[in-house]
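Have a look at structure-v6.cif below; it lists mmCIF, C-alpha atoms.
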data_input
loop_
_atom_site.label_atom_id
_atom_site.label_comp_id
_atom_site.auth_asym_id
_atom_site.auth_seq_id
_atom_site.Cartn_x
_atom_site.Cartn_y
_atom_site.Cartn_z
CA MET A 61 17.93 39.69 14.21
CA GLN A 62 16.13 42.49 12.29
CA GLU A 63 17.48 41.01 9.03
CA LYS A 64 16.12 37.60 10.07
CA ASN A 65 12.68 39.10 10.77
CA ASN A 66 12.71 40.92 7.43
CA ARG A 67 13.40 37.63 5.63
CA THR A 68 10.48 36.00 7.45
CA LEU A 69 8.14 38.89 6.62
CA SER A 70 9.17 38.90 2.97
CA CYS A 71 8.26 35.22 2.69
CA PHE A 72 4.96 35.97 4.45
CA PHE A 73 3.95 38.67 1.96
CA LEU A 74 5.01 36.51 -0.96
CA ALA A 75 2.68 33.81 0.30
CA ILE A 76 -0.22 36.33 0.50
CA PHE A 77 0.16 38.15 -2.78
CA CYS A 78 1.73 35.50 -5.01
CA PHE A 79 0.38 32.16 -6.10
CA GLY A 80 1.44 29.46 -8.56
CA GLN A 81 5.13 29.62 -9.30
CA CYS A 82 5.79 32.33 -6.73
CA PHE A 83 4.23 30.25 -3.94
CA ALA A 84 6.36 27.27 -4.96
CA ASN A 85 9.49 29.38 -4.49
CA VAL A 86 8.55 30.04 -0.87
CA LEU A 87 8.76 26.27 -0.18
CA VAL A 88 12.39 26.14 -1.39
CA PHE A 89 14.93 26.54 1.41
CA HIS A 90 18.72 26.69 1.48
CA PRO A 91 20.15 25.24 4.69
CA PRO A 92 23.85 25.73 5.44
CA VAL A 93 26.09 23.28 3.58
CA LEU A 94 29.05 21.49 5.18
CA ASN A 95 32.12 20.18 3.42
CA VAL A 96 31.33 16.72 4.86
CA ASP A 97 28.39 14.82 3.35
CA GLU A 98 28.29 12.03 5.96
CA PRO A 99 26.08 12.27 9.09
CA TYR A 100 29.10 11.44 11.27
CA ILE A 101 32.88 11.04 11.10
CA ASP A 102 35.53 9.38 13.28
CA LEU A 103 38.63 11.37 14.24
CA GLN A 104 41.64 10.36 16.34
CA SER A 105 42.22 12.26 19.61
CA ASN A 106 44.96 14.93 19.72
CA GLY A 107 44.30 15.72 16.05
CA THR A 108 42.74 18.81 14.46
CA LEU A 109 39.09 19.08 13.46
CA THR A 110 38.25 21.41 10.57
CA ILE A 111 34.71 21.91 9.27
CA ILE A 112 33.80 24.34 6.50
CA CYS A 113 30.27 25.70 6.20
CA VAL A 114 28.71 27.90 3.50
CA GLY A 115 25.27 29.51 3.33
CA ILE A 116 23.18 32.37 2.02
CA TYR A 117 23.16 34.27 5.36
CA PRO A 118 25.77 34.99 8.08
CA LEU A 119 26.76 31.81 9.93
CA GLU A 120 27.48 30.79 13.51
CA TRP A 121 28.50 27.54 15.25
CA LYS A 122 27.14 25.45 18.11
CA THR A 123 29.56 22.92 19.61
CA PRO A 124 29.13 20.06 22.10
CA SER A 125 29.06 20.98 25.77
CA LEU A 126 30.56 18.92 28.58
CA MET A 127 28.52 19.17 31.78
CA GLY A 128 27.31 22.64 30.74
CA GLY A 129 30.72 23.97 29.65
CA MET A 130 31.77 24.82 26.10
CA ILE A 131 34.99 23.87 24.35
CA ASN A 132 37.95 25.93 25.52
CA ASP A 133 38.36 29.02 23.31
CA SER A 134 42.16 28.61 23.29
CA ARG A 135 41.73 25.45 21.17
CA MET A 136 38.92 26.69 18.95
CA SER A 137 38.92 29.28 16.19
CA VAL A 138 36.26 30.45 13.73
CA LYS A 139 37.06 32.32 10.52
CA SER A 140 34.23 33.95 8.57
CA SER A 141 34.26 35.53 5.11
CA ILE A 142 31.94 36.79 2.36
CA ASN A 143 32.39 36.06 -1.35
CA LEU A 144 30.14 38.41 -3.31
CA SER A 145 30.94 36.61 -6.57
CA GLU A 146 29.21 33.45 -5.32
CA PRO A 147 25.70 33.26 -6.84
CA VAL A 148 24.03 31.62 -3.77
CA ASN A 149 26.19 30.69 -0.77
CA LYS A 150 28.10 33.93 -0.29
CA HIS A 151 28.85 33.40 3.39
CA LYS A 152 31.57 31.02 4.58
CA SER A 153 32.64 29.98 8.07
CA THR A 154 35.48 27.64 9.01
CA LEU A 155 35.56 26.00 12.44
CA THR A 156 38.91 24.65 13.66
CA ILE A 157 39.56 22.83 16.93
CA GLU A 158 43.12 21.81 17.76
CA ASP A 159 44.27 19.05 20.11
CA ILE A 160 40.79 17.55 20.01
CA ASP A 161 39.79 15.49 23.03
CA PHE A 162 37.53 12.45 23.47
CA ASN A 163 35.12 14.64 25.42
CA ASP A 164 34.74 16.82 22.32
CA THR A 165 32.64 13.99 20.83
CA GLY A 166 29.20 15.26 19.82
CA TYR A 167 27.19 17.36 17.39
CA TYR A 168 28.76 20.34 15.63
CA THR A 169 26.05 22.57 14.18
CA CYS A 170 26.42 25.34 11.62
CA TYR A 171 23.41 27.66 11.68
CA TYR A 172 22.19 30.97 10.38
CA GLU A 173 22.73 33.93 12.68
CA GLY A 174 19.65 34.57 14.82
CA THR A 175 18.42 30.96 14.76
CA ILE A 176 16.63 29.89 17.95
CA ASP A 177 15.12 26.53 16.96
CA PHE A 178 17.95 24.23 15.87
CA THR A 179 15.51 21.47 14.88
CA LEU A 180 14.47 23.39 11.75
CA PRO A 181 16.24 21.80 8.76
CA ASP A 182 16.26 25.06 6.78
CA ASN A 183 18.25 27.00 9.41
CA SER A 184 20.98 24.61 10.54
CA THR A 185 23.08 21.60 9.50
CA SER A 186 24.87 19.26 11.92
CA LEU A 187 27.76 16.80 11.84
CA TYR A 188 28.40 14.30 14.62
CA VAL A 189 32.10 13.80 15.40
CA PHE A 190 33.43 10.75 17.26
CA VAL A 191 36.84 11.48 18.81
CA ASN A 192 38.50 8.07 19.14
CA ASP A 193 40.60 7.41 22.24
CA PRO A 194 41.65 3.82 23.03
CA LEU A 195 41.86 4.65 26.77
CA HIS A 196 38.46 6.38 26.97
CA LEU A 197 35.63 4.43 25.36
CA PHE A 198 32.84 6.66 26.72
CA VAL A 199 32.27 10.40 26.79
CA GLU A 200 32.13 11.74 30.34
CA THR A 201 28.48 12.76 30.82
CA SER A 202 28.41 13.36 34.57
CA ILE A 203 30.51 15.08 37.19
CA PHE A 204 30.35 11.71 38.96
CA THR A 205 32.48 9.96 36.38
CA GLY A 206 31.18 6.51 35.53
CA HIS A 207 27.77 6.89 37.24
CA LEU A 208 24.46 8.29 36.03
CA LEU A 209 21.20 8.78 37.91
CA ILE A 210 18.33 8.81 35.41
CA PRO A 211 14.57 9.15 36.07
CA LEU A 212 12.34 7.32 33.58
CA GLN A 213 8.76 8.46 33.16
CA GLN A 214 6.00 6.18 31.96
CA HIS A 215 4.73 7.15 28.46
CA ARG A 216 7.88 9.22 27.88
CA LYS A 217 10.72 8.17 25.61
CA ALA A 218 13.89 7.90 27.69
CA ILE A 219 17.53 8.13 26.67
CA LEU A 220 20.42 6.58 28.56
CA PRO A 221 23.34 8.78 27.38
CA CYS A 222 26.06 6.13 27.21
CA LEU A 223 28.00 7.80 24.40
CA PRO A 224 30.94 5.93 22.85
CA THR A 225 33.93 7.83 21.51
CA SER A 226 33.99 5.69 18.35
CA SER A 227 31.21 4.67 15.98
CA SER A 228 32.55 1.10 15.88
CA ILE A 229 32.70 0.36 19.61
CA ASN A 230 30.47 -2.49 20.79
CA VAL A 231 28.18 -1.15 23.53
CA THR A 232 25.75 -3.32 25.53
CA LEU A 233 23.26 -2.65 28.32
CA TRP A 234 23.15 -4.91 31.39
CA LYS A 235 20.68 -5.21 34.25
CA THR A 236 22.77 -5.73 37.39
CA ASP A 237 20.00 -5.92 39.98
CA GLY A 238 20.12 -9.46 41.36
CA GLU A 239 21.19 -11.99 38.74
CA GLU A 240 23.07 -10.18 36.00
CA GLU A 241 21.55 -10.25 32.49
CA MET A 242 22.17 -8.44 29.21
CA VAL A 243 19.22 -6.39 27.95
CA ALA A 244 18.28 -7.55 24.46
CA MET A 245 17.66 -4.92 21.79
CA ALA A 246 14.08 -5.06 20.49
CA GLY A 247 11.34 -2.82 19.14
CA ASP A 248 10.97 -0.99 22.44
CA ILE A 249 14.69 -0.29 22.93
CA GLU A 250 17.55 0.40 20.54
CA PHE A 251 21.08 1.79 20.58
CA ASP A 252 22.30 4.78 18.56
CA PRO A 253 25.95 5.72 19.27
CA ARG A 254 25.07 9.40 18.79
CA PHE A 255 22.42 9.38 21.53
CA GLY A 256 22.82 6.24 23.64
CA PHE A 257 20.18 3.67 24.50
CA ILE A 258 16.69 4.82 23.51
CA ILE A 259 13.83 3.31 25.52
CA TYR A 260 10.58 4.10 23.73
CA TYR A 261 8.14 2.71 26.31
CA PRO A 262 9.68 2.65 29.80
CA ILE A 263 8.17 -0.03 32.08
CA ILE A 264 8.85 -1.15 35.66
CA TYR A 265 11.55 -3.51 34.35
CA PHE A 266 13.75 -0.43 33.88
CA ASN A 267 14.01 0.32 37.58
CA GLY A 268 17.15 -0.23 39.64
CA TYR A 269 20.79 -0.81 38.76
CA PHE A 270 22.00 -1.12 35.19
CA GLN A 271 25.35 -0.81 33.43
CA CYS A 272 26.51 0.29 29.99
CA ARG A 273 29.56 -1.65 28.84
CA ALA A 274 31.92 -0.83 25.99
CA VAL A 275 34.51 -3.22 24.64
CA SER A 276 37.25 -2.36 22.13
CA ASP A 277 40.55 -4.15 21.46
CA GLY A 278 40.41 -5.94 24.79
CA VAL A 279 39.65 -2.78 26.77
CA LEU A 280 36.45 -2.80 28.87
CA GLU A 281 34.83 0.35 30.23
CA ALA A 282 31.53 0.64 32.09
CA ILE A 283 29.07 3.32 33.20
CA ASN A 284 26.91 2.49 36.20
CA LEU A 285 23.28 3.57 35.90
CA THR A 286 20.64 4.01 38.56
CA LEU A 287 17.27 4.11 36.80
CA ILE A 288 14.24 5.38 38.67
CA TYR A 289 10.94 4.34 37.07
CA MET A 290 8.13 6.79 37.78
CA PRO A 291 4.55 5.66 37.01
CA ASP A 292 2.70 8.31 35.07
CA THR A 293 0.14 9.52 37.57
CA PHE A 294 0.62 13.21 36.89
CA ASN A 295 1.43 13.36 33.18
CA PRO A 296 -0.99 13.04 30.22
CA PRO A 297 -0.81 10.20 27.66
CA GLN A 298 1.53 10.86 24.73
CA PRO A 299 0.10 9.88 21.33
CA PHE A 300 2.16 9.81 18.14
CA ILE A 301 1.06 9.93 14.50
CA ASN A 302 2.38 7.46 11.91
CA THR A 303 2.64 9.13 8.48
CA SER A 304 4.04 6.17 6.51
CA GLU A 305 0.87 6.07 4.37
CA ALA A 306 0.81 9.83 3.88
CA GLN A 307 4.12 10.37 2.10
CA HIS A 308 3.83 12.92 -0.73
CA PRO A 309 0.01 12.77 -1.06
CA VAL A 310 -1.31 14.20 -4.35
CA VAL A 311 -4.64 15.66 -5.44
CA ASN A 312 -7.34 12.98 -5.91
CA SER A 313 -5.31 10.33 -4.03
CA THR A 314 -5.97 8.68 -0.65
CA PHE A 315 -3.74 9.06 2.39
CA ILE A 316 -4.00 7.60 5.90
CA LEU A 317 -2.75 8.86 9.26
CA LYS A 318 -2.54 6.50 12.23
CA CYS A 319 -2.64 7.87 15.78
CA THR A 320 -1.33 5.49 18.46
CA VAL A 321 -0.92 5.78 22.22
CA ILE A 322 0.69 3.33 24.67
CA VAL A 323 -1.01 3.05 28.08
CA ASP A 324 -1.42 0.73 31.05
CA PRO A 325 -3.90 -2.15 30.57
CA ASP A 326 -6.68 -0.60 32.69
CA THR A 327 -6.57 2.88 31.15
CA ARG A 328 -9.71 4.12 29.39
CA LEU A 329 -9.24 6.62 26.55
CA PHE A 330 -11.12 9.03 24.32
CA ILE A 331 -9.40 9.88 21.01
CA SER A 332 -10.40 12.67 18.62
CA TRP A 333 -9.02 14.28 15.44
CA ASP A 334 -8.89 17.89 14.27
CA TYR A 335 -7.96 18.68 10.67
CA PRO A 336 -8.69 20.99 7.70
CA ASN A 337 -12.16 20.51 6.17
CA LYS A 338 -13.38 18.65 9.26
CA ASN A 339 -16.78 20.31 8.95
CA ASN A 340 -16.81 20.31 5.15
CA SER A 341 -15.38 16.98 3.97
CA GLN A 342 -18.58 15.78 2.25
CA GLY A 343 -17.87 12.22 3.34
CA ARG A 344 -14.30 12.14 1.97
CA ILE A 345 -12.65 12.00 5.42
CA ASN A 346 -13.39 9.22 7.89
CA GLU A 347 -12.19 8.47 11.43
CA THR A 348 -12.07 4.79 12.38
CA GLN A 349 -13.16 3.56 15.78
CA PRO A 350 -10.22 3.09 18.19
CA TYR A 351 -8.83 -0.44 18.33
CA SER A 352 -6.43 -1.87 20.87
CA GLN A 353 -3.76 -4.55 21.08
CA TRP A 354 -2.31 -6.18 24.16
CA LYS A 355 1.47 -6.32 24.04
CA THR A 356 4.07 -7.76 26.38
CA ALA A 357 7.59 -6.41 26.87
CA ARG A 358 9.80 -8.35 29.28
CA SER A 359 6.78 -9.94 31.01
CA PHE A 360 5.02 -6.60 31.47
CA LYS A 361 1.74 -5.97 29.66
CA HIS A 362 0.64 -2.71 28.10
CA GLN A 363 -2.14 -1.59 25.81
CA GLU A 364 -1.55 -0.06 22.37
CA VAL A 365 -4.59 1.91 21.21
CA SER A 366 -4.82 3.26 17.64
CA THR A 367 -7.23 5.02 15.33
CA ASN A 368 -6.92 5.87 11.63
CA LEU A 369 -7.88 9.01 9.77
CA ILE A 370 -8.60 8.19 6.11
CA VAL A 371 -8.65 11.03 3.57
CA LYS A 372 -10.06 10.05 0.17
CA ASN A 373 -10.01 12.11 -3.03
CA ALA A 374 -7.53 14.50 -1.39
CA GLN A 375 -7.78 18.18 -2.29
CA SER A 376 -5.33 21.07 -1.99
CA SER A 377 -7.56 22.45 0.77
CA ASP A 378 -6.71 19.34 2.84
CA SER A 379 -3.20 20.74 3.38
CA GLY A 380 -2.55 21.84 6.95
CA ASP A 381 -2.20 20.61 10.53
CA TYR A 382 -3.67 17.27 11.61
CA VAL A 383 -4.04 16.96 15.39
CA CYS A 384 -4.75 13.80 17.40
CA THR A 385 -5.99 14.45 20.95
CA VAL A 386 -6.08 11.70 23.59
CA THR A 387 -7.84 12.09 26.96
CA ASP A 388 -7.69 9.39 29.63
CA HIS A 389 -10.24 8.52 32.31
CA SER A 390 -8.63 10.95 34.76
CA GLN A 391 -9.13 13.80 32.25
CA LYS A 392 -5.43 14.11 31.45
CA THR A 393 -4.93 15.10 27.81
CA GLY A 394 -2.08 14.69 25.32
CA GLN A 395 -1.74 15.74 21.68
CA ALA A 396 0.29 14.92 18.60
CA ASP A 397 0.25 16.89 15.37
CA VAL A 398 1.73 16.68 11.88
CA ASN A 399 1.61 19.01 8.91
CA ILE A 400 0.44 17.48 5.63
CA TYR A 401 0.90 19.13 2.24
CA VAL A 402 -1.16 17.84 -0.70
CA TYR A 403 0.87 18.13 -3.92
CA GLN A 404 -0.42 18.70 -7.43
CA SER A 405 1.61 15.88 -9.01
CA PRO A 406 3.28 12.66 -7.76
CA GLN A 407 6.99 12.18 -7.38
CA PRO A 408 8.59 9.53 -9.63
CA SER A 409 8.49 5.91 -8.49
CA HIS A 410 11.74 4.90 -6.82
CA ILE A 411 13.42 2.38 -4.53
CA ASN A 412 15.84 3.53 -1.82
CA LEU A 413 18.50 1.19 -0.44
CA THR A 414 20.43 2.59 2.53
CA THR A 415 22.75 1.27 5.23
CA ASP A 416 24.45 2.59 8.36
CA VAL A 417 27.78 1.24 7.05
CA ASP A 418 30.14 3.84 5.56
CA ILE A 419 30.22 2.49 1.99
CA SER A 420 32.58 5.21 0.76
CA GLN A 421 35.46 3.00 1.88
CA PRO A 422 35.98 -0.78 2.24
CA LEU A 423 34.66 -2.59 5.29
CA ILE A 424 37.62 -4.39 6.87
CA SER A 425 37.09 -7.57 8.94
CA GLU A 426 39.30 -10.33 10.28
CA ALA A 427 39.29 -13.87 8.90
CA GLY A 428 37.29 -16.22 11.10
CA GLU A 429 34.86 -13.51 12.22
CA ASN A 430 31.21 -13.16 11.28
CA VAL A 431 30.06 -10.06 9.37
CA LYS A 432 26.55 -8.75 8.81
CA PHE A 433 25.32 -6.25 6.19
CA VAL A 434 21.96 -4.64 7.03
CA ALA A 435 20.24 -2.57 4.32
CA SER A 436 17.01 -0.62 4.81
CA VAL A 437 14.53 -0.66 1.94
CA THR A 438 11.95 2.05 1.20
CA ALA A 439 9.96 2.78 -1.94
CA TYR A 440 7.56 5.25 -3.47
CA PRO A 441 4.72 4.75 -3.81
CA PRO A 442 4.65 2.68 -0.58
CA SER A 443 2.65 -0.07 -2.36
CA LEU A 444 5.66 -0.61 -4.64
CA LEU A 445 7.56 -2.07 -1.66
CA GLU A 446 5.48 -5.26 -1.83
CA GLU A 447 6.66 -5.85 -5.41
CA VAL A 448 10.37 -5.19 -4.88
CA GLU A 449 12.64 -8.16 -5.66
CA LEU A 450 15.82 -8.07 -3.58
CA PHE A 451 18.98 -10.11 -4.15
CA TRP A 452 22.74 -9.94 -3.51
CA ILE A 453 25.40 -10.16 -6.23
CA LYS A 454 29.00 -11.29 -5.57
CA GLY A 455 31.58 -11.62 -8.30
CA GLY A 456 28.96 -10.92 -10.96
CA LYS A 457 26.76 -13.83 -9.87
CA ARG A 458 23.64 -13.94 -7.73
CA LEU A 459 24.56 -15.06 -4.22
CA LYS A 460 22.97 -18.32 -3.12
CA GLU A 461 22.13 -18.91 0.52
CA ASP A 462 23.93 -21.78 2.25
CA ASN A 463 25.59 -22.53 5.59
CA HIS A 464 28.16 -19.82 4.89
CA TYR A 465 25.89 -17.10 3.51
CA HIS A 466 22.68 -16.37 5.42
CA VAL A 467 20.07 -14.03 3.90
CA ASN A 468 17.17 -12.61 5.91
CA LYS A 469 14.55 -10.55 4.09
CA THR A 470 11.68 -8.45 5.51
CA ASN A 471 9.41 -5.82 3.98
CA SER A 472 11.76 -3.05 5.07
CA SER A 473 15.22 -4.61 5.23
CA MET A 474 17.63 -7.05 3.58
CA ILE A 475 20.30 -8.69 5.74
CA LEU A 476 23.32 -10.66 4.57
CA GLU A 477 25.37 -12.49 7.21
CA ILE A 478 28.63 -14.22 6.33
CA LYS A 479 29.79 -16.84 8.82
CA GLN A 480 33.49 -17.33 9.66
CA LEU A 481 35.08 -15.16 7.01
CA THR A 482 37.80 -16.46 4.72
CA ARG A 483 40.07 -14.60 2.32
CA ALA A 484 37.78 -15.79 -0.51
CA ASP A 485 34.96 -13.65 0.93
CA ALA A 486 36.84 -10.44 0.10
CA ASP A 487 34.81 -8.95 -2.74
CA THR A 488 32.21 -6.36 -3.68
CA TYR A 489 28.70 -7.26 -2.51
CA VAL A 490 25.94 -5.51 -4.44
CA LEU A 491 22.34 -5.47 -3.24
CA HIS A 492 19.89 -5.07 -6.13
CA GLY A 493 16.27 -4.01 -5.80
CA ARG A 494 13.90 -3.99 -8.73
CA ALA A 495 10.17 -3.71 -9.34
CA LYS A 496 8.46 -3.01 -12.66
CA ASP A 497 10.64 -0.40 -14.41
CA VAL A 498 12.37 0.75 -11.21
CA ASN A 499 15.88 -0.39 -10.24
CA SER A 500 18.28 0.46 -7.45
CA SER A 501 21.52 -0.95 -6.10
CA LEU A 502 23.87 -0.62 -3.12
CA ALA A 503 27.51 -1.78 -3.17
CA ILE A 504 29.60 -2.74 -0.12
CA VAL A 505 33.28 -3.57 -0.49
CA LEU A 506 34.56 -6.17 1.99
CA GLU A 507 38.25 -6.69 2.76
CA VAL A 508 39.34 -9.68 4.84
CA LYS A 509 42.55 -9.69 6.84
CA GLY A 510 44.20 -12.82 8.14
CA ASN A 511 45.35 -16.19 6.88
CA VAL A 512 42.19 -18.30 6.81
CA PHE A 513 41.58 -19.50 3.21
#

For this file, produce the structure as structure tokens.
Amino acid sequence: MQEKNNRTLSCFFLAIFCFGQCFANVLVFHPPVLNVDEPYIDLQSNGTLTIICVGIYPLEWKTPSLMGGMINDSRMSVKSSINLSEPVNKHKSTLTIEDIDFNDTGYYTCYYEGTIDFTLPDNSTSLYVFVNDPLHLFVETSIFTGHLLIPLQQHRKAILPCLPTSSSINVTLWKTDGEEEMVAMAGDIEFDPRFGFIIYYPIIYFNGYFQCRAVSDGVLEAINLTLIYMPDTFNPPQPFINTSEAQHPVVNSTFILKCTVIVDPDTRLFISWDYPNKNNSQGRINETQPYSQWKTARSFKHQEVSTNLIVKNAQSSDSGDYVCTVTDHSQKTGQADVNIYVYQSPQPSHINLTTDVDISQPLISEAGENVKFVASVTAYPPSLLEEVELFWIKGGKRLKEDNHYHVNKTNSSMILEIKQLTRADADTYVLHGRAKDVNSSLAIVLEVKGNVF
């Protein structure tokens, strides 16, 4: 721990006594590096998991816990070594877990010795491991197997931890109070197999009996949920700050922060900002008046209140913490804050095309099925996104939309859906994005099994 403190102090003194190039070096960090580049992997149960981690400081491991208990030491081993000939990552640690079990599904984190906050990207690196078991489609997350009791607070993001043991398992959420109905995924709720169902704005609809259902190869498994919705009478409003128009701001540019809070229709609010140069902006920084929108989610209304902070002719002195404070009519207060750094020069223009599909290997589907490719599109500067031309290529030719190929395009995504696959659909599908002198592409290889031609 003393070594950790010394490293922190050395960076502190560098920041005080050095400027220019020396200050830039302080911003460079070296997180631990894993031998797996993907954010998650799938592994069959009863196999052996091996993860190698290297870093500039001594390393330790954090493994998933089942109902508060850690993985049995008799199955797990950690071997650490130091290679003084390595110029940077001298420390190495190898984690091995034998006879891996479906309940070992979860995050495996390699971190520097002495780390307390595992959310810091410069101190730790994580890999999510799905341990596939055809007889167990969910991780056991409660001592009452198959049943979860979950309180949901208004204004608080909620997570229903229905965790599949495979990244490819189809998981759905059902409301079983009264007439049974499947809960549709929308902007206020989504599913991530590493976390479960994420409900961003809990409402009274999410009160009562629900069920998570997983289906794989004809096997059905369910987790019963009892959700208890608690109106927020004791907790403050929870604002959040959108930084999409403040990515990599540079000197003399303009950036915008948007503070938004979701409240009940009759709630009255006061919103204020705190930021560097608040009392010395000389008219460069402006706060807009709050504006509200009425929104409806599953027949329940709520109010979305926002205000923008506009920083023009940005200066280096504008770097620092930006805090949005929201106080409601009952004097309950909530805050959100972000740290903004104003750079001296812009980053190069670029287009990023990404997908949740593992494109390092072919995507295999059965003939007669439908398949959907979803690609996310981002660009810098953000205004470039409006000029990006997106199109799919198959067999060297631009793909034309018809009854078989359906293309859906938005400002932030490009979706290709192929209806009732045939063997002729097996090919490499390349998504191209181009704007001005900037080009990007993403290739997905599709293999089709079966005898439909």

Give me the residues of segment 333-415 of chain A that have any atom at most 12 Å from an atom of segment 471-491 of chain A; for each, the nearest atom pair and the distance in Å, rounded to one decimal. Use all atoms listed in the file, sort by chain and number, and format it as a Markdown table.
| residue | atom | partner | partner_atom | distance |
| --- | --- | --- | --- | --- |
| A:Ile411 | CA | A:Ser472 | CA | 11.2 |
| A:Asn412 | CA | A:Ser472 | CA | 10.4 |
| A:Leu413 | CA | A:Leu491 | CA | 8.2 |
| A:Thr414 | CA | A:Ser473 | CA | 9.3 |
| A:Thr415 | CA | A:Ser473 | CA | 9.6 |

message: So that I can check the surroundings of Val199 of chain A, please list as number ranges by chain every protein, DNA and RNA residue that reaches within 9 Å of it, counting only C-alpha atoms and ignoring chain neighbours fewer than 4 positions away.
response: A: 126, 162-165, 222-225

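If only C-alpha atoms are the atoms counted, then among A:Gly278, A:Pro296, A:Gly247, A:Pro147 the closest residue to Gln214 of chain A is A:Pro296.
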
Excluding Val398 of chain A and residues on its chain fewer than 2 positions from it, collect all residues at most 7 Å away from it, counting all atoms listed in the file, and give them as a compact mmCIF listing (two decimals) with C-alpha atoms, keeping the file's coordinate frame.
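What follows is the written file part01.txt:
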# COMPACT_ATOMS: atom_id res chain seq x y z
CA ASP A 381 -2.20 20.61 10.53
CA TYR A 382 -3.67 17.27 11.61
CA VAL A 383 -4.04 16.96 15.39
CA ILE A 400 0.44 17.48 5.63

task: Step by step, work through what the PyMOL selection byres ((chain A and resi 351) around 9) selects in the shown file, and finish by giving those residues as an NGL selection string.
output: :A and (348-350 or 352-353 or 364-367)

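One finds atom CA of Phe433 of chain A at 27.5 Å from atom CA of Ala282 of chain A.
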
field: Residues in the PyMOL selection byres ((chain A and resi 289) around 6), expressed as an MDAnalysis selection string
entry: chainID A and resid 212 267 288 290

Test item: axis-aligned box, all listed atoms of segment 107-126 of chain A, 8 Å on each side, centre and edges in Å rounded to one decimal, as JSON:
{"center_x": 33.7, "center_y": 25.4, "center_z": 15.3, "size_x": 37.1, "size_y": 35.3, "size_z": 42.6}

- request: Can you give me, as a PyMOL selection string, the residues this file yields under the PyMOL selection byres ((chain A and resi 186) around 9)?
  value: chain A and resi 94+99-100+167-171+184-185+187-188

May I have the residues within 6 Å of segment 315-325 of chain A as a compact mmCIF listing (two decimals) with C-alpha atoms, in the frame of the given file, using all atoms listed in the file and disregarding those fewer than 5 positions away in the same chain?
# COMPACT_ATOMS: atom_id res chain seq x y z
CA PRO A 299 0.10 9.88 21.33
CA PHE A 300 2.16 9.81 18.14
CA ILE A 301 1.06 9.93 14.50
CA ASN A 302 2.38 7.46 11.91
CA THR A 303 2.64 9.13 8.48
CA GLU A 305 0.87 6.07 4.37
CA ALA A 306 0.81 9.83 3.88
CA HIS A 362 0.64 -2.71 28.10
CA GLN A 363 -2.14 -1.59 25.81
CA GLU A 364 -1.55 -0.06 22.37
CA VAL A 365 -4.59 1.91 21.21
CA SER A 366 -4.82 3.26 17.64
CA THR A 367 -7.23 5.02 15.33
CA ASN A 368 -6.92 5.87 11.63
CA LEU A 369 -7.88 9.01 9.77
CA ILE A 370 -8.60 8.19 6.11
CA VAL A 371 -8.65 11.03 3.57

field: Two-atom distance - atom CA of Ser125 of chain A, atom CA of Pro253 of chain A (Å)
entry: 16.9 Å

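Considering the residues A:Gly510, A:Pro221, A:Pro124, A:Pro118 and counting all atoms listed in the file, Val189 of chain A has its shortest atom-to-atom contact with A:Pro124.
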
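Each of A:Asn192, A:Ala495, A:Tyr269, A:Lys509 was compared to Gly238 of chain A using all atoms listed in the file, and A:Tyr269 turns out to be the nearest.
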
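By all atoms listed in the file, and with residues fewer than 3 positions from Leu208 of chain A along its chain excluded, the set lying at most 12 Å from it is A:Glu200, A:Thr201, A:Ser202, A:Ile203, A:Phe204, A:Thr205, A:Pro211, A:Ile219, A:Leu220, A:Pro221, A:Cys222, A:Gly268, A:Tyr269, A:Phe270, A:Gln271, A:Cys272, A:Ala282, A:Ile283, A:Asn284, A:Leu285, A:Thr286, A:Leu287, A:Ile288.
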
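Taking atom CA of Pro336 of chain A as the reference point, atom CA of Ala439 of chain A is found at 27.8 Å.
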
task: Find the residue from A:Gly455, A:Pro408, A:Lys469, A:Ser341 that sits nearest to Val434 of chain A; use all atoms listed in the file when measuring.
output: A:Lys469

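With distances taken from (31.2, 1.5, 20.9) and restricted to all atoms listed in the file, the residues inside 7 Å are Leu197, Pro224, Thr225, Ser226, Ser227, Ser228, Ile229, Asn230, Val231, Pro253, Ala274 and Val275 of chain A.
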